[in-house]
$ cat input.cif   # mmCIF, C-alpha atoms and all ligand atoms
data_target
#
loop_
_atom_site.label_atom_id
_atom_site.label_comp_id
_atom_site.auth_asym_id
_atom_site.auth_seq_id
_atom_site.Cartn_x
_atom_site.Cartn_y
_atom_site.Cartn_z
CA MET A 129 -9.13 106.03 53.48
CA LEU A 130 -12.85 106.63 53.10
CA ILE A 131 -13.90 109.83 51.31
CA LEU A 132 -17.41 111.27 51.33
CA GLY A 133 -17.97 113.41 48.21
CA ILE A 134 -20.61 116.17 48.09
CA GLU A 135 -21.68 118.06 44.94
CA THR A 136 -24.19 120.95 45.01
CA SER A 137 -22.80 123.50 42.52
CA CYS A 138 -25.83 123.69 40.22
CA ASP A 139 -28.97 121.59 39.75
CA GLU A 140 -27.87 118.13 40.96
CA THR A 141 -27.60 117.16 44.62
CA ALA A 142 -25.09 114.31 44.64
CA VAL A 143 -23.27 112.25 47.27
CA ALA A 144 -20.66 109.49 46.86
CA LEU A 145 -18.41 107.28 48.97
CA TYR A 146 -14.97 106.44 47.60
CA ASP A 147 -12.21 104.35 49.11
CA ASP A 148 -8.71 104.97 47.80
CA ASP A 149 -7.98 101.20 47.84
CA GLU A 150 -11.33 99.73 46.83
CA GLY A 151 -12.53 102.52 44.51
CA LEU A 152 -16.10 103.77 44.31
CA ILE A 153 -18.36 102.29 47.01
CA GLY A 154 -21.63 104.11 46.33
CA HIS A 155 -23.10 107.18 44.68
CA VAL A 156 -26.55 108.75 44.60
CA LEU A 157 -27.98 111.78 42.86
CA ASN A 158 -31.16 113.79 42.89
CA THR A 159 -31.68 115.86 39.77
CA GLN A 160 -33.69 119.08 39.93
CA ILE A 161 -34.38 119.14 36.17
CA SER A 162 -38.17 118.90 36.52
CA LEU A 163 -38.21 121.78 39.06
CA HIS A 164 -36.37 124.13 36.70
CA ALA A 165 -37.95 122.92 33.43
CA PRO A 166 -40.94 125.33 33.51
CA TYR A 167 -38.48 128.26 33.61
CA GLY A 168 -36.28 127.05 30.71
CA GLY A 169 -33.10 127.17 32.84
CA VAL A 170 -31.80 126.83 36.39
CA VAL A 171 -33.39 129.19 38.97
CA PRO A 172 -30.70 129.72 41.67
CA GLU A 173 -33.14 130.19 44.59
CA ILE A 174 -35.01 126.98 43.74
CA ALA A 175 -31.70 125.12 43.39
CA SER A 176 -30.49 126.14 46.89
CA ARG A 177 -33.80 125.20 48.52
CA ASP A 178 -33.83 121.77 46.91
CA HIS A 179 -30.20 121.07 47.91
CA ILE A 180 -31.19 121.82 51.53
CA ARG A 181 -34.13 119.40 51.23
CA CYS A 182 -32.15 116.55 49.67
CA LEU A 183 -28.54 116.66 50.85
CA LEU A 184 -28.72 115.19 54.36
CA PRO A 185 -31.08 112.31 53.40
CA LEU A 186 -28.75 111.40 50.49
CA ILE A 187 -25.71 111.40 52.81
CA LYS A 188 -27.57 109.14 55.28
CA ARG A 189 -28.55 106.80 52.45
CA VAL A 190 -25.03 106.42 51.05
CA MET A 191 -23.51 105.92 54.53
CA ASN A 192 -26.17 103.37 55.56
CA GLU A 193 -25.96 101.39 52.32
CA ALA A 194 -22.19 101.10 52.80
CA ASN A 195 -22.53 100.35 56.56
CA ALA A 196 -20.10 103.22 57.11
CA VAL A 197 -19.95 104.96 60.49
CA LYS A 198 -17.91 107.99 59.47
CA PRO A 199 -15.60 108.97 56.62
CA ASP A 200 -11.94 109.95 57.04
CA ILE A 201 -12.35 112.89 54.68
CA ILE A 202 -15.23 114.99 53.38
CA ALA A 203 -14.61 116.45 49.92
CA TYR A 204 -17.14 119.03 48.76
CA THR A 205 -17.52 121.25 45.69
CA ALA A 206 -16.47 124.73 46.82
CA GLY A 207 -16.85 126.38 43.38
CA PRO A 208 -17.28 127.56 40.73
CA GLY A 209 -21.07 127.50 40.58
CA LEU A 210 -24.22 129.11 41.99
CA ILE A 211 -23.19 130.71 45.26
CA GLY A 212 -26.32 129.79 47.25
CA ALA A 213 -26.17 126.20 46.02
CA LEU A 214 -22.46 125.94 46.87
CA MET A 215 -23.06 127.32 50.36
CA VAL A 216 -25.49 124.51 51.16
CA GLY A 217 -22.85 121.85 50.37
CA SER A 218 -20.07 123.81 51.99
CA ALA A 219 -21.93 124.48 55.24
CA LEU A 220 -23.08 120.90 55.65
CA ALA A 221 -19.67 119.43 54.75
CA ASN A 222 -17.94 121.63 57.31
CA SER A 223 -20.58 120.95 60.00
CA LEU A 224 -20.30 117.18 59.52
CA ALA A 225 -16.49 117.41 59.56
CA LEU A 226 -16.71 119.18 62.91
CA ALA A 227 -19.10 116.56 64.31
CA TRP A 228 -17.12 113.59 62.94
CA GLN A 229 -13.73 115.20 63.62
CA CYS A 230 -12.56 114.41 60.11
CA LYS A 231 -10.60 116.27 57.46
CA VAL A 232 -12.47 118.51 55.02
CA ILE A 233 -11.23 119.29 51.49
CA PRO A 234 -12.79 121.99 49.27
CA VAL A 235 -12.75 120.75 45.65
CA HIS A 236 -12.79 122.77 42.41
CA HIS A 237 -15.75 121.54 40.35
CA MET A 238 -13.75 121.52 37.08
CA GLU A 239 -10.95 119.51 38.71
CA GLY A 240 -13.67 117.00 39.56
CA HIS A 241 -14.67 116.80 35.88
CA LEU A 242 -10.99 116.62 34.89
CA LEU A 243 -10.29 113.67 37.19
CA ALA A 244 -13.60 111.82 36.54
CA PRO A 245 -11.91 109.40 34.07
CA MET A 246 -9.85 108.17 37.06
CA LEU A 247 -13.05 106.40 38.21
CA GLU A 248 -12.79 104.08 35.20
CA PRO A 249 -10.75 100.85 35.00
CA LYS A 250 -8.65 102.24 32.12
CA LYS A 251 -7.12 105.41 33.56
CA PRO A 252 -5.25 108.06 31.55
CA GLU A 253 -1.59 108.59 32.31
CA TYR A 254 -0.05 112.04 32.71
CA PRO A 255 0.55 114.25 30.83
CA PHE A 256 -2.70 114.65 28.90
CA LEU A 257 -4.78 117.32 27.22
CA ALA A 258 -8.21 117.82 28.85
CA LEU A 259 -11.23 119.13 26.97
CA LEU A 260 -13.69 120.17 29.69
CA VAL A 261 -17.06 121.01 28.21
CA SER A 262 -20.08 121.77 30.38
CA GLY A 263 -22.94 124.22 30.86
CA GLY A 264 -20.58 126.84 32.30
CA HIS A 265 -17.18 126.05 30.74
CA SER A 266 -15.34 125.16 27.54
CA LEU A 267 -11.72 124.65 28.56
CA LEU A 268 -8.62 123.13 27.02
CA VAL A 269 -6.17 122.31 29.81
CA ASP A 270 -2.58 121.07 29.72
CA VAL A 271 -2.51 118.53 32.59
CA GLN A 272 0.95 117.46 33.77
CA GLY A 273 -0.33 115.85 36.99
CA VAL A 274 -2.78 116.49 39.84
CA GLY A 275 -2.54 120.18 40.69
CA GLU A 276 -0.42 120.95 37.62
CA TYR A 277 -2.83 122.63 35.25
CA LYS A 278 -2.16 125.16 32.50
CA LEU A 279 -5.12 126.73 30.77
CA LEU A 280 -4.55 126.66 27.01
CA GLY A 281 -7.93 127.96 25.91
CA SER A 282 -11.41 128.87 27.10
CA THR A 283 -14.52 130.44 25.62
CA LEU A 284 -14.66 134.12 24.74
CA ASP A 285 -18.45 134.17 25.16
CA ASP A 286 -20.94 131.29 25.65
CA ALA A 287 -19.90 127.90 27.00
CA ILE A 288 -20.64 125.04 24.61
CA GLY A 289 -23.32 123.50 26.89
CA GLU A 290 -24.96 126.92 27.12
CA ALA A 291 -25.03 127.08 23.30
CA PHE A 292 -26.73 123.65 23.17
CA ASP A 293 -29.25 124.83 25.79
CA LYS A 294 -29.99 128.12 23.98
CA VAL A 295 -30.43 126.47 20.56
CA ALA A 296 -32.72 123.88 22.17
CA LYS A 297 -34.80 126.71 23.63
CA LEU A 298 -35.06 128.36 20.18
CA LEU A 299 -36.41 125.05 18.84
CA GLY A 300 -38.91 124.76 21.70
CA LEU A 301 -37.09 121.82 23.31
CA PRO A 302 -36.91 121.38 27.11
CA TYR A 303 -33.92 122.05 29.41
CA PRO A 304 -31.22 120.71 29.46
CA GLY A 305 -30.90 121.11 25.71
CA GLY A 306 -27.84 118.96 24.96
CA PRO A 307 -29.47 115.52 25.13
CA GLU A 308 -32.60 116.88 23.36
CA ILE A 309 -30.56 118.29 20.44
CA GLN A 310 -28.67 115.00 20.21
CA LYS A 311 -31.95 113.02 20.06
CA LEU A 312 -33.63 115.29 17.50
CA SER A 313 -30.47 115.32 15.34
CA GLU A 314 -30.92 111.59 14.66
CA GLN A 315 -33.88 112.47 12.41
CA GLY A 316 -32.17 115.43 10.69
CA ASN A 317 -29.71 116.13 7.90
CA GLN A 318 -26.49 117.59 9.30
CA GLU A 319 -25.64 119.11 5.89
CA ALA A 320 -28.99 120.91 5.51
CA PHE A 321 -27.70 124.23 6.90
CA SER A 322 -24.14 125.46 6.62
CA PHE A 323 -23.53 127.02 10.03
CA PRO A 324 -20.13 128.60 10.86
CA ARG A 325 -17.31 126.70 12.62
CA PRO A 326 -16.11 129.67 14.72
CA MET A 327 -12.40 130.27 15.46
CA LEU A 328 -11.21 127.19 13.56
CA LYS A 329 -8.72 129.20 11.54
CA LYS A 330 -7.69 131.56 14.36
CA PRO A 331 -4.41 131.18 16.27
CA GLY A 332 -4.51 129.94 19.87
CA TYR A 333 -7.00 127.60 21.46
CA ASP A 334 -9.92 129.77 22.58
CA PHE A 335 -13.50 129.01 21.59
CA SER A 336 -16.39 131.29 20.67
CA PHE A 337 -19.96 130.08 20.21
CA SER A 338 -22.04 133.25 20.07
CA GLY A 339 -21.64 133.60 16.25
CA LEU A 340 -22.87 130.04 15.74
CA LYS A 341 -25.79 130.67 18.09
CA THR A 342 -26.70 133.87 16.18
CA ALA A 343 -26.52 132.04 12.82
CA VAL A 344 -28.95 129.41 14.16
CA MET A 345 -31.22 132.14 15.55
CA LEU A 346 -31.39 133.90 12.16
CA ALA A 347 -32.13 130.63 10.32
CA VAL A 348 -34.92 129.78 12.82
CA LYS A 349 -36.40 133.28 12.45
CA GLU A 350 -36.50 133.01 8.66
CA LEU A 351 -38.11 129.56 8.80
CA GLU A 352 -40.71 130.84 11.29
CA GLU A 353 -41.58 133.74 9.00
CA ASN A 354 -41.98 131.32 6.07
CA GLY A 355 -44.07 128.94 8.18
CA LYS A 356 -41.56 126.10 7.54
CA ILE A 357 -39.98 125.73 10.98
CA ASN A 358 -41.82 122.57 12.06
CA HIS A 359 -40.46 120.53 9.13
CA LYS A 360 -36.93 121.81 9.60
CA LYS A 361 -36.31 121.53 13.36
CA ALA A 362 -34.43 118.23 13.08
CA ASP A 363 -32.24 119.59 10.26
CA ILE A 364 -31.42 122.70 12.31
CA ALA A 365 -30.55 120.55 15.35
CA ALA A 366 -28.35 118.18 13.31
CA SER A 367 -26.57 121.00 11.44
CA PHE A 368 -25.95 122.93 14.68
CA GLN A 369 -24.67 119.82 16.48
CA LYS A 370 -22.27 119.03 13.60
CA ALA A 371 -20.92 122.61 13.52
CA ALA A 372 -20.48 122.71 17.32
CA ILE A 373 -18.76 119.31 17.49
CA ASP A 374 -16.53 120.06 14.45
CA THR A 375 -15.41 123.25 16.23
CA LEU A 376 -14.63 121.45 19.51
CA ILE A 377 -12.74 118.68 17.72
CA GLY A 378 -10.83 121.08 15.42
CA ARG A 379 -9.53 123.17 18.32
CA THR A 380 -8.74 120.10 20.44
CA LEU A 381 -6.76 118.37 17.67
CA LYS A 382 -4.82 121.60 17.05
CA ALA A 383 -3.94 121.88 20.75
CA ALA A 384 -2.92 118.21 20.89
CA ARG A 385 -0.80 118.44 17.75
CA GLU A 386 0.98 121.69 18.61
CA ASN A 387 1.72 120.62 22.20
CA ASN A 388 2.64 116.99 21.43
CA PHE A 389 -0.04 115.27 23.50
CA ASP A 390 -0.75 111.64 22.76
CA SER A 391 -3.66 111.37 25.24
CA ILE A 392 -6.85 113.43 25.40
CA VAL A 393 -9.40 113.38 28.23
CA VAL A 394 -12.92 114.62 27.48
CA SER A 395 -15.24 115.35 30.39
CA GLY A 396 -18.14 117.55 31.53
CA GLY A 397 -21.81 117.32 30.52
CA VAL A 398 -21.18 117.85 26.78
CA GLY A 399 -18.64 115.00 27.01
CA ALA A 400 -21.72 112.74 27.04
CA ASN A 401 -22.40 113.73 23.42
CA ILE A 402 -22.09 110.63 21.25
CA MET A 403 -20.95 112.46 18.11
CA LEU A 404 -18.17 114.18 20.06
CA ARG A 405 -17.02 110.89 21.60
CA GLU A 406 -17.08 108.92 18.34
CA ASN A 407 -15.69 111.57 15.98
CA LEU A 408 -12.83 112.53 18.29
CA LYS A 409 -11.82 108.90 18.72
CA GLU A 410 -11.85 108.47 14.93
CA SER A 411 -9.89 111.61 14.12
CA PHE A 412 -7.17 111.46 16.84
CA GLU A 413 -4.25 109.11 16.40
CA GLY A 414 -3.49 108.86 20.13
CA LYS A 415 -5.67 107.67 23.03
CA VAL A 416 -8.96 109.30 24.05
CA PHE A 417 -10.42 108.81 27.55
CA TYR A 418 -13.97 109.56 28.72
CA PRO A 419 -15.75 108.92 31.99
CA ARG A 420 -18.87 106.73 31.65
CA PHE A 421 -21.96 108.77 30.65
CA GLU A 422 -23.32 109.28 34.18
CA PHE A 423 -19.95 110.66 35.36
CA CYS A 424 -19.69 113.16 32.45
CA THR A 425 -22.52 115.24 33.86
CA ASP A 426 -22.40 116.56 37.43
CA ASN A 427 -21.96 113.90 40.11
CA ALA A 428 -20.27 113.44 43.49
CA ALA A 429 -18.06 110.46 42.55
CA MET A 430 -15.78 112.86 40.66
CA ILE A 431 -15.63 115.19 43.69
CA ALA A 432 -14.75 112.29 46.00
CA VAL A 433 -12.00 111.06 43.67
CA ALA A 434 -10.58 114.60 43.30
CA GLY A 435 -10.66 114.86 47.12
CA ALA A 436 -8.75 111.58 47.37
CA TYR A 437 -5.99 112.84 45.04
CA ARG A 438 -5.85 116.18 46.88
CA ALA A 439 -5.93 114.73 50.39
CA SER A 440 -2.35 113.54 50.45
CA GLN A 441 -1.08 116.99 49.48
CA ALA A 442 -3.56 119.45 50.98
CA ALA A 443 -4.12 120.31 54.62
CA SER A 444 -7.66 120.29 56.00
CA ALA A 445 -9.43 123.51 55.02
CA SER A 446 -9.17 126.20 57.64
CA LYS A 447 -12.22 128.14 56.52
CA ILE A 448 -15.57 127.45 54.90
CA GLU A 449 -15.17 127.89 51.15
CA ALA A 450 -17.79 128.76 48.55
CA ARG A 451 -16.64 130.63 45.44
CA ALA A 452 -18.95 131.45 42.53
CA ARG A 453 -15.95 132.27 40.32
CA TRP A 454 -12.70 130.37 40.66
CA PRO A 455 -10.03 130.06 37.93
CA LEU A 456 -8.76 126.47 37.63
CA GLU A 457 -5.10 127.54 37.75
CA ASP A 458 -5.66 128.98 41.27
CA ILE A 459 -5.60 125.44 42.67
CA ASN A 460 -2.17 124.48 41.32
CA TYR A 461 0.30 123.17 43.87
CA GLN A 462 3.02 125.58 42.77
O1 LIG A 501 -21.25 119.22 33.59
P1 LIG A 501 -22.71 119.51 33.61
O2 LIG A 501 -23.65 118.44 34.07
O3 LIG A 501 -23.02 120.78 34.48
C1 LIG A 501 -22.21 121.90 34.51
O4 LIG A 501 -21.18 121.85 35.24
O5 LIG A 501 -22.53 122.84 33.76
O6 LIG A 501 -23.10 119.98 32.11
C2 LIG A 501 -24.40 120.31 31.76
C3 LIG A 501 -24.42 120.70 30.29
C4 LIG A 501 -25.77 121.25 29.83
O7 LIG A 501 -25.55 122.43 29.10
C5 LIG A 501 -26.30 120.12 28.94
O8 LIG A 501 -27.16 120.59 27.90
C6 LIG A 501 -25.02 119.53 28.38
O9 LIG A 501 -24.13 119.54 29.47
N1 LIG A 501 -25.19 118.14 27.89
C7 LIG A 501 -25.01 117.77 26.61
C8 LIG A 501 -25.32 116.39 26.54
N2 LIG A 501 -25.66 115.96 27.79
C9 LIG A 501 -25.56 117.06 28.62
N3 LIG A 501 -24.65 118.49 25.52
C10 LIG A 501 -24.56 117.84 24.33
N4 LIG A 501 -24.86 116.51 24.18
C11 LIG A 501 -25.22 115.76 25.25
N5 LIG A 501 -25.50 114.46 25.09
ZN ZN A 502 -20.21 120.34 35.86
#
$ encode --input "input.cif" --output "structure tokens"
Amino acid sequence: MLILGIETSCDETAVALYDDDEGLIGHVLNTQISLHAPYGGVVPEIASRDHIRCLLPLIKRVMNEANAVKPDIIAYTAGPGLIGALMVGSALANSLALAWQCKVIPVHHMEGHLLAPMLEPKKPEYPFLALLVSGGHSLLVDVQGVGEYKLLGSTLDDAIGEAFDKVAKLLGLPYPGGPEIQKLSEQGNQEAFSFPRPMLKKPGYDFSFSGLKTAVMLAVKELEENGKINHKKADIAASFQKAAIDTLIGRTLKAARENNFDSIVVSGGVGANIMLRENLKESFEGKVFYPRFEFCTDNAAMIAVAGAYRASQAASASKIEARARWPLEDINYQ
């Protein structure tokens, strides 16, 4: 079965072809980063317009490169995300499905991230604990199988990727901030500032990053007033990164320990962070699975693979879906 995956939830237009026997056949992506960079964040109107410009040519390219005539299934991101951006993918997916007379499956973006490690040769086995960390989400999910998700924890305020982006902005670094903070941290001392590790001692598995962000903001303000900020940017970045990653790892290990998981999956844009990947692997006794770097951040291969897993159990969609907000547990099979 050939699955065409389409992702347009935010600032990447991405298309992939996946075969449930052969695996991934092709994937392409156009990033809008340079279009949004002057504004310091994603501008929804610009995102929608660029998805319209890029989506059809990318679909043609992937289909031509694979010598494919038509897919059996079109899987598209139906939410959560920017509503205008989602509607571009949704409308085109449904129009093509009508023209090609093929099945169409709306996919939850976070289920895509959750199943992205299934694109790798070494796949996790169920059950596992998923840490999904992106620009919009920080989730800990109990995963018993496809469509069997229980939310253990989420963020009470900012998502972790959002915190990376906001701290980067405070330091005058471009968007997206995560990779910039990671790069600058290499030259800094992670012990230079003692920033809080929020929620680590609290019961449950929720996250909160606004206190950490405020602590960084106050430190930056003081350094600016003293005229010392330029010498200390790398130390701020490194100390923030260490506090953020310690917090993620602390909560994840607690959830794994208290719920007896021996496998953890880490995915989403912040899952590309090298300190998170290395430190979690070192501190967890069980197995840790990550998608390769390019499939941590938004891509269509993860949407195609999620569509493939869903296809056997879900009927073709009866209406065009695009949902800005969409709790992950809404897509459970029971
Ligand atoms: O999953 P993603 O591509 O898009 C969303 O679904 O939000 O995640 C993007 C987020 C951004 O906040 C970006 O700064 C962050 O992932 N990110 C990173 C790294 N690479 C991307 N954060 C920390 N370290 C990284 N290496
Ligand atoms: Zn994402």
$ residues_around --input "input.cif" --residues "Lys329 (chain A)" --least-positions-apart "3" --cutoff "10 Å" --atoms "only C-alpha atoms" --output "list in words"
Arg325, Pro326, Gly332, Gly378 and Arg379 of chain A
$ residues_around --input "input.cif" --residues "Phe337 (chain A)" --least-positions-apart "4" --cutoff "8 Å" --atoms "all atoms listed in the file" --output "list in words"
Thr283, Asp285, Asp286, Ala287, Ile288, Ala291, Pro326, Lys341 and Ala372 of chain A
$ closest_residue --input "input.cif" --among "A:Ala436, A:Glu413, A:Leu280, A:Arg385" --to "Asp148 (chain A)" --atoms "only C-alpha atoms"
A:Ala436
$ closest_residue --input "input.cif" --among "A:Asp426, A:Glu449, A:Glu239, A:Glu308" --to "Leu259 (chain A)" --atoms "only C-alpha atoms"
A:Glu239
$ closest_residue --input "input.cif" --among "A:Leu152, A:Ala296, A:Val274, A:Ala428" --to "ligand ZN 502 (chain A)" --atoms "all atoms listed in the file"
A:Ala428
$ residues_near_ligand --input "input.cif" --ligand "ligand LIG 501 (chain A)" --cutoff "6 Å" --atoms "only C-alpha atoms and all ligand atoms" --output "number ranges by chain"
A: 262-264, 289-290, 292-293, 304-307, 310, 396-398, 400-401, 425-426
$ residues_around --input "input.cif" --residues "His179 (chain A)" --least-positions-apart "6" --cutoff "8 Å" --atoms "all atoms listed in the file" --output "PyMOL selection string"
chain A and resi 136+140-141+213+216-217
$ atom_distance --input "input.cif" --atom1 "CA of Leu351 (chain A)" --atom2 "CA of Gly300 (chain A)"
13.8 Å
$ atom_distance --input "input.cif" --atom1 "CA of Ile448 (chain A)" --atom2 "CA of Gly169 (chain A)"
28.2 Å
$ build_atoms --input "input.cif" --residues "region 333-363 of chain A" --atoms "N, CA and C atoms" --output "PDB file, keeping the file's coordinate frame"
ATOM      1  N   TYR A 333      -6.094 128.719  21.188  1.00  0.00           N
ATOM      2  CA  TYR A 333      -7.000 127.600  21.460  1.00  0.00           C
ATOM      3  C   TYR A 333      -8.328 128.022  22.076  1.00  0.00           C
ATOM      4  N   ASP A 334      -8.641 129.331  21.999  1.00  0.00           N
ATOM      5  CA  ASP A 334      -9.920 129.770  22.580  1.00  0.00           C
ATOM      6  C   ASP A 334     -11.091 129.352  21.687  1.00  0.00           C
ATOM      7  N   PHE A 335     -12.263 129.309  22.310  1.00  0.00           N
ATOM      8  CA  PHE A 335     -13.500 129.010  21.590  1.00  0.00           C
ATOM      9  C   PHE A 335     -14.382 130.250  21.572  1.00  0.00           C
ATOM     10  N   SER A 336     -15.357 130.253  20.661  1.00  0.00           N
ATOM     11  CA  SER A 336     -16.390 131.290  20.670  1.00  0.00           C
ATOM     12  C   SER A 336     -17.631 130.652  20.046  1.00  0.00           C
ATOM     13  N   PHE A 337     -18.751 130.734  20.734  1.00  0.00           N
ATOM     14  CA  PHE A 337     -19.960 130.080  20.210  1.00  0.00           C
ATOM     15  C   PHE A 337     -21.103 131.047  19.946  1.00  0.00           C
ATOM     16  N   SER A 338     -20.900 132.345  20.224  1.00  0.00           N
ATOM     17  CA  SER A 338     -22.040 133.250  20.070  1.00  0.00           C
ATOM     18  C   SER A 338     -22.390 133.465  18.591  1.00  0.00           C
ATOM     19  N   GLY A 339     -21.373 133.446  17.685  1.00  0.00           N
ATOM     20  CA  GLY A 339     -21.640 133.600  16.250  1.00  0.00           C
ATOM     21  C   GLY A 339     -22.455 132.433  15.714  1.00  0.00           C
ATOM     22  N   LEU A 340     -22.118 131.237  16.155  1.00  0.00           N
ATOM     23  CA  LEU A 340     -22.870 130.040  15.740  1.00  0.00           C
ATOM     24  C   LEU A 340     -24.308 130.128  16.230  1.00  0.00           C
ATOM     25  N   LYS A 341     -24.441 130.548  17.496  1.00  0.00           N
ATOM     26  CA  LYS A 341     -25.790 130.670  18.090  1.00  0.00           C
ATOM     27  C   LYS A 341     -26.625 131.710  17.302  1.00  0.00           C
ATOM     28  N   THR A 342     -25.988 132.825  16.936  1.00  0.00           N
ATOM     29  CA  THR A 342     -26.700 133.870  16.180  1.00  0.00           C
ATOM     30  C   THR A 342     -27.103 133.350  14.798  1.00  0.00           C
ATOM     31  N   ALA A 343     -26.200 132.595  14.147  1.00  0.00           N
ATOM     32  CA  ALA A 343     -26.520 132.040  12.820  1.00  0.00           C
ATOM     33  C   ALA A 343     -27.743 131.120  12.916  1.00  0.00           C
ATOM     34  N   VAL A 344     -27.802 130.307  13.974  1.00  0.00           N
ATOM     35  CA  VAL A 344     -28.950 129.410  14.160  1.00  0.00           C
ATOM     36  C   VAL A 344     -30.215 130.243  14.410  1.00  0.00           C
ATOM     37  N   MET A 345     -30.069 131.287  15.212  1.00  0.00           N
ATOM     38  CA  MET A 345     -31.220 132.140  15.550  1.00  0.00           C
ATOM     39  C   MET A 345     -31.816 132.772  14.285  1.00  0.00           C
ATOM     40  N   LEU A 346     -30.929 133.254  13.403  1.00  0.00           N
ATOM     41  CA  LEU A 346     -31.390 133.900  12.160  1.00  0.00           C
ATOM     42  C   LEU A 346     -32.079 132.884  11.249  1.00  0.00           C
ATOM     43  N   ALA A 347     -31.526 131.674  11.167  1.00  0.00           N
ATOM     44  CA  ALA A 347     -32.130 130.630  10.320  1.00  0.00           C
ATOM     45  C   ALA A 347     -33.516 130.259  10.861  1.00  0.00           C
ATOM     46  N   VAL A 348     -33.630 130.140  12.200  1.00  0.00           N
ATOM     47  CA  VAL A 348     -34.920 129.780  12.820  1.00  0.00           C
ATOM     48  C   VAL A 348     -35.943 130.886  12.548  1.00  0.00           C
ATOM     49  N   LYS A 349     -35.492 132.135  12.660  1.00  0.00           N
ATOM     50  CA  LYS A 349     -36.400 133.280  12.450  1.00  0.00           C
ATOM     51  C   LYS A 349     -36.954 133.262  11.022  1.00  0.00           C
ATOM     52  N   GLU A 350     -36.064 133.020  10.071  1.00  0.00           N
ATOM     53  CA  GLU A 350     -36.500 133.010   8.660  1.00  0.00           C
ATOM     54  C   GLU A 350     -37.495 131.875   8.417  1.00  0.00           C
ATOM     55  N   LEU A 351     -37.199 130.700   8.985  1.00  0.00           N
ATOM     56  CA  LEU A 351     -38.110 129.560   8.800  1.00  0.00           C
ATOM     57  C   LEU A 351     -39.467 129.828   9.454  1.00  0.00           C
ATOM     58  N   GLU A 352     -39.435 130.511  10.599  1.00  0.00           N
ATOM     59  CA  GLU A 352     -40.710 130.840  11.290  1.00  0.00           C
ATOM     60  C   GLU A 352     -41.541 131.782  10.422  1.00  0.00           C
ATOM     61  N   GLU A 353     -40.858 132.765   9.836  1.00  0.00           N
ATOM     62  CA  GLU A 353     -41.580 133.740   9.000  1.00  0.00           C
ATOM     63  C   GLU A 353     -42.184 133.074   7.774  1.00  0.00           C
ATOM     64  N   ASN A 354     -41.476 132.029   7.249  1.00  0.00           N
ATOM     65  CA  ASN A 354     -41.980 131.320   6.070  1.00  0.00           C
ATOM     66  C   ASN A 354     -42.934 130.185   6.426  1.00  0.00           C
ATOM     67  N   GLY A 355     -43.162 130.001   7.727  1.00  0.00           N
ATOM     68  CA  GLY A 355     -44.070 128.940   8.180  1.00  0.00           C
ATOM     69  C   GLY A 355     -43.509 127.532   7.956  1.00  0.00           C
ATOM     70  N   LYS A 356     -42.151 127.417   7.854  1.00  0.00           N
ATOM     71  CA  LYS A 356     -41.560 126.100   7.540  1.00  0.00           C
ATOM     72  C   LYS A 356     -40.820 125.483   8.730  1.00  0.00           C
ATOM     73  N   ILE A 357     -40.846 126.148   9.882  1.00  0.00           N
ATOM     74  CA  ILE A 357     -39.980 125.730  10.980  1.00  0.00           C
ATOM     75  C   ILE A 357     -40.248 124.294  11.449  1.00  0.00           C
ATOM     76  N   ASN A 358     -41.518 123.900  11.506  1.00  0.00           N
ATOM     77  CA  ASN A 358     -41.820 122.570  12.060  1.00  0.00           C
ATOM     78  C   ASN A 358     -41.198 121.427  11.265  1.00  0.00           C
ATOM     79  N   HIS A 359     -41.067 121.602   9.944  1.00  0.00           N
ATOM     80  CA  HIS A 359     -40.460 120.530   9.130  1.00  0.00           C
ATOM     81  C   HIS A 359     -38.943 120.555   9.193  1.00  0.00           C
ATOM     82  N   LYS A 360     -38.388 121.634   9.698  1.00  0.00           N
ATOM     83  CA  LYS A 360     -36.930 121.810   9.600  1.00  0.00           C
ATOM     84  C   LYS A 360     -36.202 121.731  10.939  1.00  0.00           C
ATOM     85  N   LYS A 361     -36.947 121.511  12.027  1.00  0.00           N
ATOM     86  CA  LYS A 361     -36.310 121.530  13.360  1.00  0.00           C
ATOM     87  C   LYS A 361     -35.188 120.493  13.476  1.00  0.00           C
ATOM     88  N   ALA A 362     -35.439 119.287  12.960  1.00  0.00           N
ATOM     89  CA  ALA A 362     -34.430 118.230  13.080  1.00  0.00           C
ATOM     90  C   ALA A 362     -33.182 118.581  12.263  1.00  0.00           C
ATOM     91  N   ASP A 363     -33.389 119.195  11.087  1.00  0.00           N
ATOM     92  CA  ASP A 363     -32.240 119.590  10.260  1.00  0.00           C
ATOM     93  C   ASP A 363     -31.421 120.682  10.948  1.00  0.00           C
TER      94      ASP A 363
END
